[in-house]
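Undergrad: Here you go, this is start_39.cif (mmCIF, N, CA and C atoms).
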data_model
loop_
_atom_site.label_atom_id
_atom_site.label_comp_id
_atom_site.auth_asym_id
_atom_site.auth_seq_id
_atom_site.Cartn_x
_atom_site.Cartn_y
_atom_site.Cartn_z
N MET A 1 4.67 16.94 -25.22
CA MET A 1 3.43 16.99 -25.95
C MET A 1 2.46 15.99 -25.35
N PRO A 2 1.26 16.40 -25.05
CA PRO A 2 0.35 15.52 -24.37
C PRO A 2 -0.04 14.28 -25.16
N ASN A 3 -0.05 14.31 -26.45
CA ASN A 3 -0.47 13.16 -27.24
C ASN A 3 0.70 12.37 -27.79
N SER A 4 1.87 12.56 -27.26
CA SER A 4 3.02 11.80 -27.72
C SER A 4 2.85 10.33 -27.36
N GLN A 5 3.59 9.48 -28.05
CA GLN A 5 3.51 8.05 -27.78
C GLN A 5 3.87 7.74 -26.34
N TYR A 6 4.80 8.50 -25.77
CA TYR A 6 5.23 8.31 -24.38
C TYR A 6 4.06 8.47 -23.42
N ASN A 7 3.22 9.43 -23.67
CA ASN A 7 2.09 9.70 -22.78
C ASN A 7 0.81 9.00 -23.20
N ASP A 8 0.82 8.30 -24.33
CA ASP A 8 -0.38 7.67 -24.82
C ASP A 8 -0.51 6.22 -24.36
N VAL A 9 0.27 5.86 -23.36
CA VAL A 9 0.20 4.51 -22.80
C VAL A 9 -0.64 4.55 -21.53
N SER A 10 -1.28 3.45 -21.24
CA SER A 10 -2.08 3.33 -20.02
C SER A 10 -1.20 3.50 -18.79
N ILE A 11 -1.69 4.25 -17.82
CA ILE A 11 -0.95 4.45 -16.57
C ILE A 11 -0.74 3.11 -15.88
N LEU A 12 -1.77 2.28 -15.87
CA LEU A 12 -1.67 0.97 -15.25
C LEU A 12 -0.64 0.10 -15.95
N GLN A 13 -0.68 0.07 -17.28
CA GLN A 13 0.26 -0.77 -18.02
C GLN A 13 1.70 -0.29 -17.82
N ALA A 14 1.91 1.02 -17.80
CA ALA A 14 3.26 1.56 -17.55
C ALA A 14 3.75 1.13 -16.18
N ALA A 15 2.85 1.15 -15.20
CA ALA A 15 3.21 0.74 -13.83
C ALA A 15 3.57 -0.74 -13.81
N LYS A 16 2.80 -1.55 -14.50
CA LYS A 16 3.06 -2.99 -14.54
C LYS A 16 4.41 -3.29 -15.19
N GLU A 17 4.72 -2.57 -16.24
CA GLU A 17 6.01 -2.76 -16.91
C GLU A 17 7.16 -2.36 -15.99
N MET A 18 7.00 -1.27 -15.25
CA MET A 18 8.04 -0.80 -14.34
C MET A 18 8.25 -1.77 -13.19
N LEU A 19 7.21 -2.46 -12.79
CA LEU A 19 7.30 -3.38 -11.67
C LEU A 19 7.81 -4.77 -12.08
N GLY A 20 8.51 -4.83 -13.16
CA GLY A 20 9.11 -6.10 -13.55
C GLY A 20 8.46 -6.76 -14.74
N GLY A 21 7.72 -6.00 -15.49
CA GLY A 21 7.20 -6.53 -16.74
C GLY A 21 5.96 -7.39 -16.62
N LEU A 22 5.07 -7.05 -15.67
CA LEU A 22 3.79 -7.76 -15.63
C LEU A 22 3.08 -7.51 -16.96
N TYR A 23 2.59 -8.54 -17.55
CA TYR A 23 1.95 -8.40 -18.86
C TYR A 23 0.53 -7.88 -18.72
N GLU A 24 0.07 -7.27 -19.79
CA GLU A 24 -1.27 -6.69 -19.79
C GLU A 24 -2.32 -7.74 -19.43
N SER A 25 -2.10 -8.97 -19.86
CA SER A 25 -3.06 -10.04 -19.59
C SER A 25 -3.03 -10.51 -18.13
N GLN A 26 -1.98 -10.17 -17.41
CA GLN A 26 -1.90 -10.54 -15.99
C GLN A 26 -2.62 -9.47 -15.18
N THR A 27 -3.80 -9.81 -14.70
CA THR A 27 -4.63 -8.80 -14.05
C THR A 27 -4.82 -9.05 -12.55
N THR A 28 -4.11 -10.01 -12.00
CA THR A 28 -4.26 -10.38 -10.59
C THR A 28 -4.12 -9.19 -9.65
N TYR A 29 -3.16 -8.31 -9.92
CA TYR A 29 -2.86 -7.20 -9.02
C TYR A 29 -3.40 -5.86 -9.51
N ASP A 30 -4.18 -5.87 -10.58
CA ASP A 30 -4.64 -4.61 -11.17
C ASP A 30 -5.40 -3.73 -10.17
N SER A 31 -6.34 -4.30 -9.43
CA SER A 31 -7.12 -3.46 -8.51
C SER A 31 -6.24 -2.90 -7.40
N ASP A 32 -5.26 -3.69 -6.93
CA ASP A 32 -4.32 -3.17 -5.93
C ASP A 32 -3.47 -2.05 -6.50
N LEU A 33 -2.95 -2.26 -7.70
CA LEU A 33 -2.12 -1.23 -8.34
C LEU A 33 -2.92 0.05 -8.57
N ILE A 34 -4.14 -0.09 -9.04
CA ILE A 34 -4.98 1.09 -9.28
C ILE A 34 -5.22 1.84 -7.98
N SER A 35 -5.45 1.12 -6.89
CA SER A 35 -5.64 1.78 -5.59
C SER A 35 -4.39 2.54 -5.16
N PHE A 36 -3.23 1.92 -5.30
CA PHE A 36 -1.98 2.59 -4.94
C PHE A 36 -1.75 3.82 -5.82
N ILE A 37 -1.98 3.69 -7.11
CA ILE A 37 -1.78 4.81 -8.04
C ILE A 37 -2.74 5.95 -7.69
N ASN A 38 -4.01 5.63 -7.46
CA ASN A 38 -4.98 6.67 -7.11
C ASN A 38 -4.62 7.36 -5.79
N ALA A 39 -4.07 6.61 -4.86
CA ALA A 39 -3.63 7.22 -3.60
C ALA A 39 -2.52 8.23 -3.85
N GLU A 40 -1.60 7.91 -4.74
CA GLU A 40 -0.51 8.84 -5.06
C GLU A 40 -1.03 10.09 -5.77
N PHE A 41 -2.00 9.92 -6.67
CA PHE A 41 -2.61 11.09 -7.30
C PHE A 41 -3.32 11.96 -6.26
N ALA A 42 -3.95 11.32 -5.28
CA ALA A 42 -4.61 12.08 -4.21
C ALA A 42 -3.60 12.87 -3.39
N ILE A 43 -2.45 12.26 -3.12
CA ILE A 43 -1.39 12.96 -2.38
C ILE A 43 -0.91 14.17 -3.18
N LEU A 44 -0.70 13.99 -4.48
CA LEU A 44 -0.29 15.12 -5.32
C LEU A 44 -1.36 16.22 -5.28
N TRP A 45 -2.63 15.82 -5.33
CA TRP A 45 -3.72 16.80 -5.31
C TRP A 45 -3.68 17.64 -4.04
N THR A 46 -3.37 17.02 -2.89
CA THR A 46 -3.33 17.77 -1.63
C THR A 46 -2.23 18.83 -1.65
N GLN A 47 -1.29 18.67 -2.56
CA GLN A 47 -0.19 19.63 -2.68
C GLN A 47 -0.43 20.62 -3.82
N GLY A 48 -1.65 20.61 -4.36
CA GLY A 48 -1.99 21.56 -5.41
C GLY A 48 -1.52 21.13 -6.79
N ILE A 49 -1.24 19.86 -6.95
CA ILE A 49 -0.74 19.35 -8.22
C ILE A 49 -1.85 18.54 -8.88
N GLY A 50 -2.14 18.86 -10.11
CA GLY A 50 -3.17 18.13 -10.85
C GLY A 50 -4.44 18.93 -10.97
N PRO A 51 -5.46 18.31 -11.58
CA PRO A 51 -6.73 19.01 -11.78
C PRO A 51 -7.39 19.38 -10.46
N ASP A 52 -8.11 20.50 -10.46
CA ASP A 52 -8.79 20.97 -9.25
C ASP A 52 -9.74 19.93 -8.67
N GLU A 53 -10.36 19.15 -9.54
CA GLU A 53 -11.33 18.15 -9.08
C GLU A 53 -10.69 16.82 -8.70
N GLY A 54 -9.37 16.75 -8.75
CA GLY A 54 -8.68 15.51 -8.45
C GLY A 54 -8.56 14.64 -9.68
N PHE A 55 -8.01 13.45 -9.51
CA PHE A 55 -7.79 12.57 -10.64
C PHE A 55 -7.82 11.13 -10.16
N VAL A 56 -8.60 10.32 -10.84
CA VAL A 56 -8.72 8.90 -10.51
C VAL A 56 -8.59 8.11 -11.81
N ILE A 57 -7.82 7.03 -11.75
CA ILE A 57 -7.63 6.22 -12.96
C ILE A 57 -8.47 4.95 -12.90
N ASP A 58 -8.64 4.36 -14.08
CA ASP A 58 -9.12 2.99 -14.19
C ASP A 58 -8.09 2.25 -15.06
N ALA A 59 -8.39 1.07 -15.48
CA ALA A 59 -7.41 0.25 -16.21
C ALA A 59 -7.01 0.86 -17.55
N ASN A 60 -7.82 1.74 -18.09
CA ASN A 60 -7.55 2.27 -19.43
C ASN A 60 -7.08 3.73 -19.46
N THR A 61 -7.00 4.37 -18.32
CA THR A 61 -6.62 5.78 -18.28
C THR A 61 -5.20 5.95 -18.80
N LYS A 62 -5.03 6.91 -19.71
CA LYS A 62 -3.72 7.18 -20.33
C LYS A 62 -3.02 8.33 -19.61
N TRP A 63 -1.70 8.32 -19.70
CA TRP A 63 -0.92 9.41 -19.11
C TRP A 63 -1.31 10.75 -19.72
N SER A 64 -1.68 10.76 -21.01
CA SER A 64 -2.04 12.02 -21.68
C SER A 64 -3.29 12.65 -21.08
N GLU A 65 -4.06 11.89 -20.31
CA GLU A 65 -5.24 12.45 -19.66
C GLU A 65 -4.87 13.23 -18.41
N TYR A 66 -3.67 13.02 -17.89
CA TYR A 66 -3.22 13.71 -16.68
C TYR A 66 -2.13 14.72 -16.99
N ILE A 67 -1.14 14.31 -17.74
CA ILE A 67 -0.01 15.19 -18.04
C ILE A 67 -0.34 15.98 -19.30
N THR A 68 -0.65 17.24 -19.10
CA THR A 68 -1.04 18.09 -20.23
C THR A 68 0.07 19.05 -20.64
N ASP A 69 1.17 19.03 -19.91
CA ASP A 69 2.32 19.87 -20.23
C ASP A 69 3.57 19.02 -20.09
N PRO A 70 4.42 18.99 -21.12
CA PRO A 70 5.61 18.12 -21.06
C PRO A 70 6.56 18.45 -19.91
N ARG A 71 6.44 19.65 -19.35
CA ARG A 71 7.30 20.01 -18.22
C ARG A 71 6.90 19.27 -16.95
N LEU A 72 5.77 18.57 -17.00
CA LEU A 72 5.31 17.81 -15.84
C LEU A 72 5.50 16.30 -16.02
N ASN A 73 6.31 15.89 -16.98
CA ASN A 73 6.55 14.47 -17.20
C ASN A 73 7.20 13.78 -15.99
N ASN A 74 7.80 14.55 -15.09
CA ASN A 74 8.37 13.95 -13.88
C ASN A 74 7.31 13.30 -13.00
N ILE A 75 6.06 13.68 -13.18
CA ILE A 75 4.98 13.07 -12.41
C ILE A 75 4.94 11.57 -12.67
N ARG A 76 5.17 11.19 -13.90
CA ARG A 76 5.16 9.77 -14.25
C ARG A 76 6.23 9.02 -13.46
N LEU A 77 7.43 9.55 -13.42
CA LEU A 77 8.51 8.92 -12.67
C LEU A 77 8.22 8.94 -11.17
N TYR A 78 7.63 10.02 -10.68
CA TYR A 78 7.27 10.12 -9.27
C TYR A 78 6.29 9.00 -8.89
N ILE A 79 5.23 8.84 -9.66
CA ILE A 79 4.22 7.82 -9.38
C ILE A 79 4.87 6.44 -9.41
N GLN A 80 5.72 6.19 -10.40
CA GLN A 80 6.37 4.89 -10.51
C GLN A 80 7.32 4.64 -9.35
N THR A 81 8.03 5.65 -8.91
CA THR A 81 8.94 5.51 -7.77
C THR A 81 8.15 5.21 -6.50
N ARG A 82 7.08 5.95 -6.28
CA ARG A 82 6.25 5.72 -5.10
C ARG A 82 5.62 4.33 -5.14
N LEU A 83 5.24 3.87 -6.32
CA LEU A 83 4.67 2.54 -6.45
C LEU A 83 5.70 1.46 -6.11
N LYS A 84 6.92 1.70 -6.54
CA LYS A 84 8.00 0.75 -6.23
C LYS A 84 8.19 0.68 -4.71
N ILE A 85 8.09 1.80 -4.02
CA ILE A 85 8.25 1.84 -2.57
C ILE A 85 7.08 1.14 -1.87
N THR A 86 5.86 1.43 -2.29
CA THR A 86 4.70 0.94 -1.56
C THR A 86 4.21 -0.44 -2.01
N PHE A 87 4.36 -0.76 -3.27
CA PHE A 87 3.81 -2.01 -3.79
C PHE A 87 4.86 -3.11 -3.90
N ASP A 88 6.07 -2.73 -4.22
CA ASP A 88 7.15 -3.71 -4.44
C ASP A 88 8.37 -3.26 -3.64
N THR A 89 8.20 -3.14 -2.33
CA THR A 89 9.23 -2.60 -1.46
C THR A 89 10.51 -3.43 -1.52
N PRO A 90 11.63 -2.78 -1.86
CA PRO A 90 12.89 -3.52 -1.90
C PRO A 90 13.33 -3.94 -0.49
N GLU A 91 13.93 -5.10 -0.40
CA GLU A 91 14.46 -5.57 0.89
C GLU A 91 15.75 -4.85 1.25
N ASN A 92 16.48 -4.41 0.26
CA ASN A 92 17.75 -3.71 0.47
C ASN A 92 17.45 -2.31 0.99
N THR A 93 17.87 -2.01 2.22
CA THR A 93 17.56 -0.70 2.80
C THR A 93 18.25 0.44 2.07
N GLY A 94 19.41 0.18 1.50
CA GLY A 94 20.08 1.22 0.73
C GLY A 94 19.27 1.61 -0.49
N LEU A 95 18.73 0.63 -1.18
CA LEU A 95 17.88 0.90 -2.34
C LEU A 95 16.59 1.58 -1.92
N LEU A 96 16.01 1.13 -0.83
CA LEU A 96 14.78 1.74 -0.33
C LEU A 96 15.01 3.21 0.03
N ASN A 97 16.10 3.50 0.72
CA ASN A 97 16.43 4.89 1.06
C ASN A 97 16.64 5.73 -0.19
N ALA A 98 17.29 5.15 -1.20
CA ALA A 98 17.52 5.87 -2.46
C ALA A 98 16.18 6.18 -3.14
N LEU A 99 15.25 5.25 -3.10
CA LEU A 99 13.93 5.49 -3.69
C LEU A 99 13.18 6.59 -2.94
N TYR A 100 13.26 6.57 -1.61
CA TYR A 100 12.63 7.64 -0.82
C TYR A 100 13.25 9.00 -1.17
N GLN A 101 14.56 9.07 -1.26
CA GLN A 101 15.23 10.32 -1.61
C GLN A 101 14.81 10.79 -3.00
N GLU A 102 14.73 9.86 -3.94
CA GLU A 102 14.33 10.22 -5.30
C GLU A 102 12.89 10.71 -5.32
N SER A 103 12.00 10.05 -4.59
CA SER A 103 10.61 10.49 -4.58
C SER A 103 10.48 11.88 -3.94
N ASP A 104 11.25 12.14 -2.88
CA ASP A 104 11.25 13.47 -2.25
C ASP A 104 11.75 14.53 -3.22
N ARG A 105 12.83 14.22 -3.93
CA ARG A 105 13.39 15.15 -4.90
C ARG A 105 12.39 15.45 -6.02
N LEU A 106 11.76 14.39 -6.53
CA LEU A 106 10.78 14.57 -7.60
C LEU A 106 9.56 15.36 -7.12
N GLU A 107 9.13 15.09 -5.90
CA GLU A 107 7.98 15.81 -5.33
C GLU A 107 8.27 17.31 -5.26
N LYS A 108 9.46 17.68 -4.82
CA LYS A 108 9.84 19.09 -4.75
C LYS A 108 9.92 19.71 -6.14
N LEU A 109 10.49 18.97 -7.08
CA LEU A 109 10.61 19.46 -8.45
C LEU A 109 9.24 19.65 -9.08
N ILE A 110 8.36 18.70 -8.87
CA ILE A 110 7.01 18.80 -9.42
C ILE A 110 6.25 19.97 -8.79
N SER A 111 6.39 20.15 -7.49
CA SER A 111 5.74 21.28 -6.81
C SER A 111 6.26 22.60 -7.37
N TRP A 112 7.58 22.71 -7.52
CA TRP A 112 8.16 23.93 -8.07
C TRP A 112 7.67 24.17 -9.49
N THR A 113 7.67 23.13 -10.31
CA THR A 113 7.23 23.27 -11.70
C THR A 113 5.77 23.69 -11.78
N THR A 114 4.94 23.06 -10.96
CA THR A 114 3.51 23.39 -10.95
C THR A 114 3.31 24.85 -10.55
N GLU A 115 4.00 25.29 -9.52
CA GLU A 115 3.90 26.68 -9.08
C GLU A 115 4.38 27.64 -10.18
N HIS A 116 5.46 27.27 -10.83
CA HIS A 116 6.01 28.08 -11.93
C HIS A 116 4.99 28.19 -13.07
N LEU A 117 4.36 27.08 -13.41
CA LEU A 117 3.36 27.08 -14.48
C LEU A 117 2.15 27.93 -14.10
N LYS A 118 1.73 27.85 -12.83
CA LYS A 118 0.61 28.68 -12.37
C LYS A 118 0.97 30.16 -12.46
N ASN A 119 2.19 30.51 -12.06
CA ASN A 119 2.64 31.90 -12.14
C ASN A 119 2.70 32.36 -13.59
N GLU A 120 3.13 31.47 -14.49
CA GLU A 120 3.18 31.82 -15.91
C GLU A 120 1.78 32.14 -16.43
N SER A 121 0.80 31.33 -16.06
CA SER A 121 -0.55 31.54 -16.58
C SER A 121 -1.18 32.79 -15.98
N VAL A 122 -0.85 33.11 -14.73
CA VAL A 122 -1.37 34.32 -14.10
C VAL A 122 -0.68 35.55 -14.64
N GLY A 123 0.65 35.46 -14.75
CA GLY A 123 1.44 36.60 -15.20
C GLY A 123 1.47 36.78 -16.70
N GLY A 124 1.01 35.77 -17.43
CA GLY A 124 0.96 35.89 -18.87
C GLY A 124 2.28 35.68 -19.57
N GLY A 125 3.29 35.25 -18.86
CA GLY A 125 4.57 35.02 -19.52
C GLY A 125 5.54 34.31 -18.61
N LYS A 126 6.71 34.15 -19.14
CA LYS A 126 7.75 33.43 -18.42
C LYS A 126 8.33 34.31 -17.32
N ASP A 127 8.53 33.71 -16.17
CA ASP A 127 9.13 34.42 -15.04
C ASP A 127 10.62 34.62 -15.33
N THR A 128 11.08 35.84 -15.25
CA THR A 128 12.47 36.12 -15.56
C THR A 128 13.35 36.24 -14.33
N ASN A 129 12.80 36.05 -13.14
CA ASN A 129 13.59 36.15 -11.91
C ASN A 129 14.34 34.90 -11.64
#
Would you write out, as structure tokens, the structure that this file holds?
TA:
Amino acid sequence: MPNSQYNDVSILQAAKEMLGGLYESQTTYDSDLISFINAEFAILWTQGIGPDEGFVIDANTKWSEYITDPRLNNIRLYIQTRLKITFDTPENTGLLNALYQESDRLEKLISWTTEHLKNESVGGGKDTN
């Protein structure tokens, strides 16, 4: 549900919490985080994921403004995983490789889900194949 408590949190604040619990009042890295997050949304857009006009966040943008279907909640985890790779890169190569594999898996799942949802809206119903 787009207005659930899960999606009603700021994208930036969710990212800060995932990166080790940066508090809302700690704003030192906010502009860097916003740039990284917007870059990931741009990458998703190039793959046909998200609004046709693209998507850009600011400090107050909520997940509910982007995720309008609960079947796309994996986007949140994808963005957070990519942020962990690019902003807080682990020194452990095994962990880094696992994060890359997870982001690749999520990207494929999100692409499939997006395509499935587009087919549903065009076809007027659930695909039975």
Undergrad: For the atom pair atom N of Asn74 in chain A and atom N of Val56 in chain A, what is the interatomic distance in Å to one decimal place?
TA: 17.5 Å
Undergrad: List every protein, DNA or RNA residue that has an atom no more than 6 Å from (12.8, 1.6, -0.5) in the file's coordinate frame, counting only C-alpha atoms, and report them as a ChimeraX atom specification.
TA: /A:85,89-90,95-97,99
Undergrad: Can you tell me, as an MDAnalysis selection string, which residues in chain A count as helix (DSSP H, G or I) by DSSP?
TA: chainID A and resid 11:18 30:46 63:65 70:72 74:87 93:123
Undergrad: Excluding same-chain residues fewer than 4 positions from Ile49 in chain A, what lies within 7 Å of it counting only N, CA and C atoms, as a count of residues only?
TA: 5
Undergrad: Got a sec to check which residues sit within 8 Å of (6.8, 18.9, -10.5), counting all atoms listed in the file, and write them as a list of chain:residue names?
TA: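 Residues found, by chain and rising number: A:Ile49, A:Arg71, A:Leu72, A:Asn73, A:Asn74, A:Ile75, A:Arg105, A:Leu106, A:Glu107, A:Lys108, A:Leu109, A:Ile110, A:Ser111, A:Trp112, A:Thr113, A:Thr114, A:Glu115.
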Undergrad: Would you pull range 84-103 of chain A out of the block just shown and save N, CA and C atoms as a tab-separated table (two decimals), in the first residue's frame?
TA:
chain	number	residue	atom	x	y	z
A	84	LYS	N	24.92	1.29	-0.16
A	84	LYS	CA	25.94	0.63	0.67
A	84	LYS	C	27.20	0.39	-0.16
A	85	ILE	N	27.04	-0.01	-1.41
A	85	ILE	CA	28.18	-0.27	-2.29
A	85	ILE	C	28.92	1.03	-2.63
A	86	THR	N	28.19	2.07	-2.99
A	86	THR	CA	28.83	3.28	-3.49
A	86	THR	C	29.21	4.28	-2.41
A	87	PHE	N	28.45	4.36	-1.35
A	87	PHE	CA	28.69	5.38	-0.34
A	87	PHE	C	29.46	4.85	0.86
A	88	ASP	N	29.21	3.61	1.21
A	88	ASP	CA	29.84	3.01	2.40
A	88	ASP	C	30.42	1.65	2.01
A	89	THR	N	31.33	1.67	1.05
A	89	THR	CA	31.89	0.46	0.47
A	89	THR	C	32.58	-0.40	1.54
A	90	PRO	N	32.14	-1.66	1.67
A	90	PRO	CA	32.79	-2.53	2.65
A	90	PRO	C	34.22	-2.88	2.21
A	91	GLU	N	35.10	-2.99	3.18
A	91	GLU	CA	36.48	-3.39	2.88
A	91	GLU	C	36.59	-4.88	2.59
A	92	ASN	N	35.69	-5.65	3.14
A	92	ASN	CA	35.67	-7.10	2.96
A	92	ASN	C	35.17	-7.40	1.55
A	93	THR	N	36.04	-7.99	0.71
A	93	THR	CA	35.65	-8.25	-0.68
A	93	THR	C	34.52	-9.27	-0.79
A	94	GLY	N	34.46	-10.20	0.14
A	94	GLY	CA	33.36	-11.16	0.12
A	94	GLY	C	32.02	-10.47	0.33
A	95	LEU	N	31.98	-9.55	1.27
A	95	LEU	CA	30.75	-8.79	1.51
A	95	LEU	C	30.43	-7.90	0.33
A	96	LEU	N	31.44	-7.26	-0.23
A	96	LEU	CA	31.22	-6.40	-1.39
A	96	LEU	C	30.66	-7.20	-2.57
A	97	ASN	N	31.23	-8.37	-2.83
A	97	ASN	CA	30.73	-9.23	-3.91
A	97	ASN	C	29.29	-9.66	-3.64
A	98	ALA	N	28.98	-9.96	-2.39
A	98	ALA	CA	27.61	-10.36	-2.04
A	98	ALA	C	26.64	-9.20	-2.28
A	99	LEU	N	27.06	-7.98	-1.97
A	99	LEU	CA	26.20	-6.82	-2.22
A	99	LEU	C	25.98	-6.60	-3.71
A	100	TYR	N	27.05	-6.77	-4.51
A	100	TYR	CA	26.90	-6.66	-5.96
A	100	TYR	C	25.93	-7.72	-6.50
A	101	GLN	N	26.07	-8.95	-6.04
A	101	GLN	CA	25.18	-10.02	-6.48
A	101	GLN	C	23.74	-9.72	-6.08
A	102	GLU	N	23.55	-9.22	-4.86
A	102	GLU	CA	22.20	-8.89	-4.41
A	102	GLU	C	21.61	-7.75	-5.23
A	103	SER	N	22.41	-6.73	-5.52
A	103	SER	CA	21.88	-5.62	-6.31
A	103	SER	C	21.53	-6.08	-7.73
